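> Please find data30.csv (CSV, C-alpha atoms) on the next line:
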chain,number,residue,atom,x,y,z
Y,1,MET,CA,31.8,32.2,-195.4
Y,2,GLU,CA,32.5,29.3,-197.6
Y,3,HIS,CA,30.8,26.0,-196.9
Y,4,LYS,CA,32.6,22.8,-197.9
Y,5,SER,CA,30.6,19.6,-198.6
Y,6,THR,CA,31.7,16.4,-196.9
Y,7,ARG,CA,29.4,14.1,-198.8
Y,8,ALA,CA,30.8,10.8,-200.1
Y,9,THR,CA,30.1,11.7,-203.7
Y,10,ASP,CA,32.4,14.7,-203.5
Y,11,ALA,CA,35.4,12.8,-201.8
Y,12,THR,CA,37.8,10.7,-203.9
Y,13,VAL,CA,38.4,7.2,-202.7
Y,14,ALA,CA,42.1,6.2,-202.7
Y,15,PRO,CA,42.8,2.7,-204.1
Y,16,GLY,CA,44.2,0.2,-201.6
Y,17,PHE,CA,43.3,-2.6,-199.2
Y,18,THR,CA,41.6,-2.5,-195.8
Y,19,LEU,CA,43.3,-3.8,-192.7
Y,20,ILE,CA,40.9,-6.7,-192.6
Y,21,GLU,CA,41.8,-7.8,-196.1
Y,22,LEU,CA,45.5,-7.6,-195.4
Y,23,VAL,CA,45.1,-9.7,-192.2
Y,24,LEU,CA,43.0,-12.3,-194.0
Y,25,VAL,CA,45.6,-12.6,-196.8
Y,26,LEU,CA,48.5,-13.0,-194.3
Y,27,PHE,CA,46.4,-15.7,-192.4
Y,28,VAL,CA,45.9,-17.7,-195.7
Y,29,ILE,CA,49.7,-17.4,-196.5
Y,30,ALA,CA,50.5,-18.6,-192.9
Y,31,VAL,CA,48.2,-21.6,-193.2
Y,32,ALA,CA,49.7,-22.5,-196.6
Y,33,ALA,CA,53.2,-22.3,-195.3
Y,34,ALA,CA,52.4,-24.5,-192.3
Y,35,VAL,CA,51.0,-27.2,-194.5
Y,36,ALA,CA,53.7,-27.0,-197.3
Y,37,GLY,CA,56.7,-26.8,-195.0
Y,38,PRO,CA,56.8,-30.4,-193.8
Y,39,VAL,CA,56.0,-31.7,-197.3
Y,40,ILE,CA,58.9,-29.8,-198.7
Y,41,GLY,CA,61.2,-31.1,-195.9
Y,42,ARG,CA,60.2,-34.7,-196.7
Y,43,THR,CA,60.7,-34.2,-200.4
Y,44,MET,CA,64.2,-32.8,-199.8
Y,45,ASP,CA,65.1,-35.9,-197.7
Y,46,GLY,CA,63.8,-38.2,-200.4
Y,47,ILE,CA,65.9,-36.4,-203.0
Y,48,LYS,CA,69.0,-36.7,-200.8
Y,49,VAL,CA,68.4,-40.4,-200.2
Y,50,ARG,CA,67.9,-41.0,-204.0
Y,51,ALA,CA,71.1,-39.2,-204.7
Y,52,GLU,CA,73.1,-41.3,-202.2
Y,53,VAL,CA,71.6,-44.5,-203.6
Y,54,ALA,CA,72.4,-43.4,-207.1
Y,55,GLY,CA,76.1,-42.8,-206.1
Y,56,PHE,CA,76.2,-46.1,-204.3
Y,57,SER,CA,75.0,-48.1,-207.3
Y,58,ALA,CA,77.2,-46.0,-209.7
Y,59,THR,CA,80.2,-47.0,-207.7
Y,60,LEU,CA,79.3,-50.7,-207.9
Y,61,ARG,CA,78.7,-50.3,-211.7
Y,62,HIS,CA,82.1,-48.5,-212.1
Y,63,ALA,CA,83.9,-51.3,-210.3
Y,64,ARG,CA,82.4,-54.0,-212.6
Y,65,GLU,CA,83.3,-51.9,-215.7
Y,66,GLN,CA,86.8,-51.5,-214.4
Y,67,ALA,CA,87.2,-55.2,-213.7
Y,68,VAL,CA,86.2,-56.0,-217.3
Y,69,ALA,CA,88.1,-53.2,-218.9
Y,70,THR,CA,91.4,-53.8,-217.0
Y,71,GLN,CA,91.0,-57.6,-216.8
Y,72,ARG,CA,91.7,-57.4,-213.0
Y,73,PRO,CA,89.3,-58.4,-210.3
Y,74,HIS,CA,87.8,-55.5,-208.4
Y,75,ARG,CA,86.2,-55.6,-204.9
Y,76,VAL,CA,83.8,-53.1,-203.4
Y,77,GLU,CA,84.0,-52.9,-199.6
Y,78,VAL,CA,81.3,-51.0,-197.7
Y,79,SER,CA,82.0,-49.8,-194.2
Y,80,PRO,CA,78.8,-48.4,-192.6
Y,81,ALA,CA,80.7,-47.5,-189.4
Y,82,ASP,CA,83.1,-45.3,-191.3
Y,83,HIS,CA,80.4,-44.1,-193.8
Y,84,ARG,CA,82.7,-45.1,-196.7
Y,85,MET,CA,82.8,-47.4,-199.7
Y,86,THR,CA,86.1,-48.4,-201.3
Y,87,VAL,CA,86.9,-50.0,-204.7
Y,88,ILE,CA,90.0,-52.2,-204.5
Y,89,ALA,CA,91.7,-53.8,-207.6
Y,90,ASP,CA,93.4,-57.1,-207.2
Y,91,GLU,CA,94.1,-57.5,-203.5
Y,92,ASP,CA,95.4,-54.2,-202.3
Y,93,ASP,CA,95.3,-51.5,-205.0
Y,94,VAL,CA,92.8,-48.9,-203.7
Y,95,ARG,CA,91.2,-47.4,-206.9
Y,96,LEU,CA,88.4,-45.3,-205.4
Y,97,SER,CA,87.2,-44.3,-202.0
Y,98,ARG,CA,84.0,-42.3,-201.6
Y,99,PRO,CA,82.2,-41.2,-198.4
Y,100,LEU,CA,78.6,-42.1,-197.6
Y,101,SER,CA,76.2,-39.8,-195.9
Y,102,PRO,CA,76.2,-40.1,-192.1
Y,103,THR,CA,72.4,-40.3,-192.1
Y,104,LEU,CA,72.4,-43.2,-194.6
Y,105,THR,CA,72.0,-46.7,-193.1
Y,106,VAL,CA,73.4,-49.6,-195.0
Y,107,GLU,CA,72.5,-53.3,-194.4
Y,108,ALA,CA,73.9,-56.1,-196.4
Y,109,ASN,CA,72.7,-59.5,-197.4
Y,110,ALA,CA,75.8,-60.4,-199.4
Y,111,PRO,CA,77.7,-63.7,-199.4
Y,112,LEU,CA,80.9,-61.8,-198.5
Y,113,GLY,CA,79.1,-59.5,-196.0
Y,114,MET,CA,79.7,-55.9,-196.9
Y,115,ALA,CA,81.8,-56.6,-200.0
Y,116,VAL,CA,81.1,-57.5,-203.6
Y,117,ARG,CA,83.8,-58.9,-205.9
Y,118,PHE,CA,83.7,-58.4,-209.7
Y,119,GLU,CA,85.7,-60.7,-211.9
Y,120,PRO,CA,87.3,-59.8,-215.2
Y,121,HIS,CA,84.8,-61.8,-217.2
Y,122,GLY,CA,81.8,-59.9,-215.7
Y,123,VAL,CA,80.5,-62.2,-213.0
Y,124,SER,CA,80.3,-61.1,-209.4
Y,125,SER,CA,79.9,-62.6,-205.9
Y,126,GLY,CA,76.5,-60.9,-205.9
Y,127,GLY,CA,74.6,-59.5,-203.0
Y,128,ASP,CA,71.8,-57.2,-201.8
Y,129,PHE,CA,72.2,-53.9,-199.9
Y,130,ARG,CA,69.3,-52.1,-198.2
Y,131,LEU,CA,70.0,-48.4,-198.0
Y,132,GLY,CA,67.8,-45.8,-196.4
Y,133,THR,CA,67.1,-43.1,-193.9
Y,134,GLY,CA,64.0,-43.3,-191.6
Y,135,THR,CA,61.0,-44.2,-193.7
Y,136,THR,CA,62.7,-44.1,-197.1
Y,137,ALA,CA,64.5,-47.3,-198.2
Y,138,TYR,CA,66.0,-48.7,-201.4
Y,139,LEU,CA,67.3,-52.1,-202.3
Y,140,VAL,CA,70.5,-52.3,-204.4
Y,141,SER,CA,71.0,-55.7,-205.9
Y,142,VAL,CA,74.1,-57.2,-207.6
Y,143,GLU,CA,73.3,-60.2,-209.7
Y,144,PRO,CA,75.9,-63.0,-209.4
Y,145,LEU,CA,76.0,-64.3,-213.0
Y,146,THR,CA,76.0,-61.0,-214.8
Y,147,GLY,CA,77.3,-58.5,-212.2
Y,148,ARG,CA,74.3,-56.2,-213.2
Y,149,VAL,CA,73.4,-53.7,-210.5
Y,150,ARG,CA,69.7,-52.9,-210.0
Y,151,VAL,CA,68.0,-50.4,-207.7
Y,152,GLY,CA,64.4,-50.8,-206.5
Y,153,LYS,CA,62.2,-50.5,-203.5
Y,154,PRO,CA,62.4,-53.3,-200.9
Hey, can you dump this file as structure tokens for me?

Amino acid sequence: MEHKSTRATDATVAPGFTLIELVLVLFVIAVAAAVAGPVIGRTMDGIKVRAEVAGFSATLRHAREQAVATQRPHRVEVSPADHRMTVIADEDDVRLSRPLSPTLTVEANAPLGMAVRFEPHGVSSGGDFRLGTGTTAYLVSVEPLTGRVRVGKP
């Protein structure tokens, strides 16, 4: 009769992880995901707002450049209810119409309300627009004497 030894020194130990180690790693990953998830969501909202503000200010700059280049007055009208901004040359020649995000709020402190007029020699009617969603807000300002468009925090 043969006798087999069952001592630990004779047995080979297979490499791997214990169940406790796996559960602990999964717990750490779950805690990290719970903490990082809301931060990533807020960051994405911030990126979307910045992109909308950049598009808004680029449209204003484009209207000024077109007014100077074509020697025709251009007007930018903002319609928060329709979520749209429109560039109009002279009195009725619609040159550009771009949608605004439905989540974007636009408030104006402009002499002409929700419109800015750019003249062929570079000046404008001026105005300030506050754009934002929730806690993130930006101020887009159009200088009356130069027509320069600036973006900043309110």
> When you count only C-alpha atoms, which of these residues is closest to Gly55 of chain Y: Y:Thr70, Y:Leu100, Y:Ala14, Y:Asp82?
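Closest to Gly55 of chain Y of all the choices is Y:Leu100.
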> Each residue of segment 6-88 of chain Y lying at most 10 Å from segment 110-130 of chain Y should get a row with its shortest atom-to-atom pair and the distance in Å to one decimal, counting only C-alpha atoms; could you produce that, ordered by chain and increasing number, as a tab-separated table?

residue	atom	partner	partner_atom	distance
Y:Val53	CA	Y:Arg130	CA	9.6
Y:Phe56	CA	Y:Phe129	CA	9.8
Y:Ser57	CA	Y:Phe129	CA	9.8
Y:Leu60	CA	Y:Val116	CA	8.2
Y:Arg61	CA	Y:Phe118	CA	9.7
Y:Ala63	CA	Y:Phe118	CA	7.1
Y:Arg64	CA	Y:Phe118	CA	5.4
Y:Glu65	CA	Y:Gly122	CA	8.1
Y:Gln66	CA	Y:Pro120	CA	8.4
Y:Ala67	CA	Y:Pro120	CA	4.8
Y:Val68	CA	Y:Pro120	CA	4.5
Y:Ala69	CA	Y:Pro120	CA	7.6
Y:Thr70	CA	Y:Pro120	CA	7.5
Y:Gln71	CA	Y:Pro120	CA	4.6
Y:Arg72	CA	Y:Pro120	CA	5.5
Y:Pro73	CA	Y:Glu119	CA	4.6
Y:His74	CA	Y:Phe118	CA	5.2
Y:Arg75	CA	Y:Arg117	CA	4.2
Y:Val76	CA	Y:Val116	CA	5.2
Y:Glu77	CA	Y:Ala115	CA	4.3
Y:Val78	CA	Y:Met114	CA	5.2
Y:Ser79	CA	Y:Met114	CA	7.1
Y:Pro80	CA	Y:Met114	CA	8.7
Y:Met85	CA	Y:Ala115	CA	9.3
Y:Thr86	CA	Y:Ala115	CA	9.3
Y:Val87	CA	Y:Arg117	CA	9.5
Y:Ile88	CA	Y:Arg117	CA	9.2
> Between Y:Leu104, Y:Ala34, Y:Ala58, Y:Ala51, which has the minimum distance to Val142 of chain Y (counting all atoms listed in the file)?
Y:Ala58
> For atom CA of Gly132 of chain Y and atom CA of Val106 of chain Y, determine how far apart the two atoms are, in Å to one decimal place.
6.9 Å
> Any idea what the distance is between atom CA of Val140 of chain Y and atom CA of Lys48 of chain Y?
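Result for atom CA of Val140 of chain Y versus atom CA of Lys48 of chain Y: 16.1 Å, one decimal.
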> Go ahead and compute the interatomic distance for atom CA of Leu131 of chain Y and atom CA of Glu52 of chain Y, in Å to one decimal.
8.8 Å
> I need the residue nearest Ala89 of chain Y from this list: Y:His62, Y:Ala30, Y:Leu139, Y:Pro144. Use only C-alpha atoms for the distance.
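Selected residue with least distance to Ala89 of chain Y: Y:His62.
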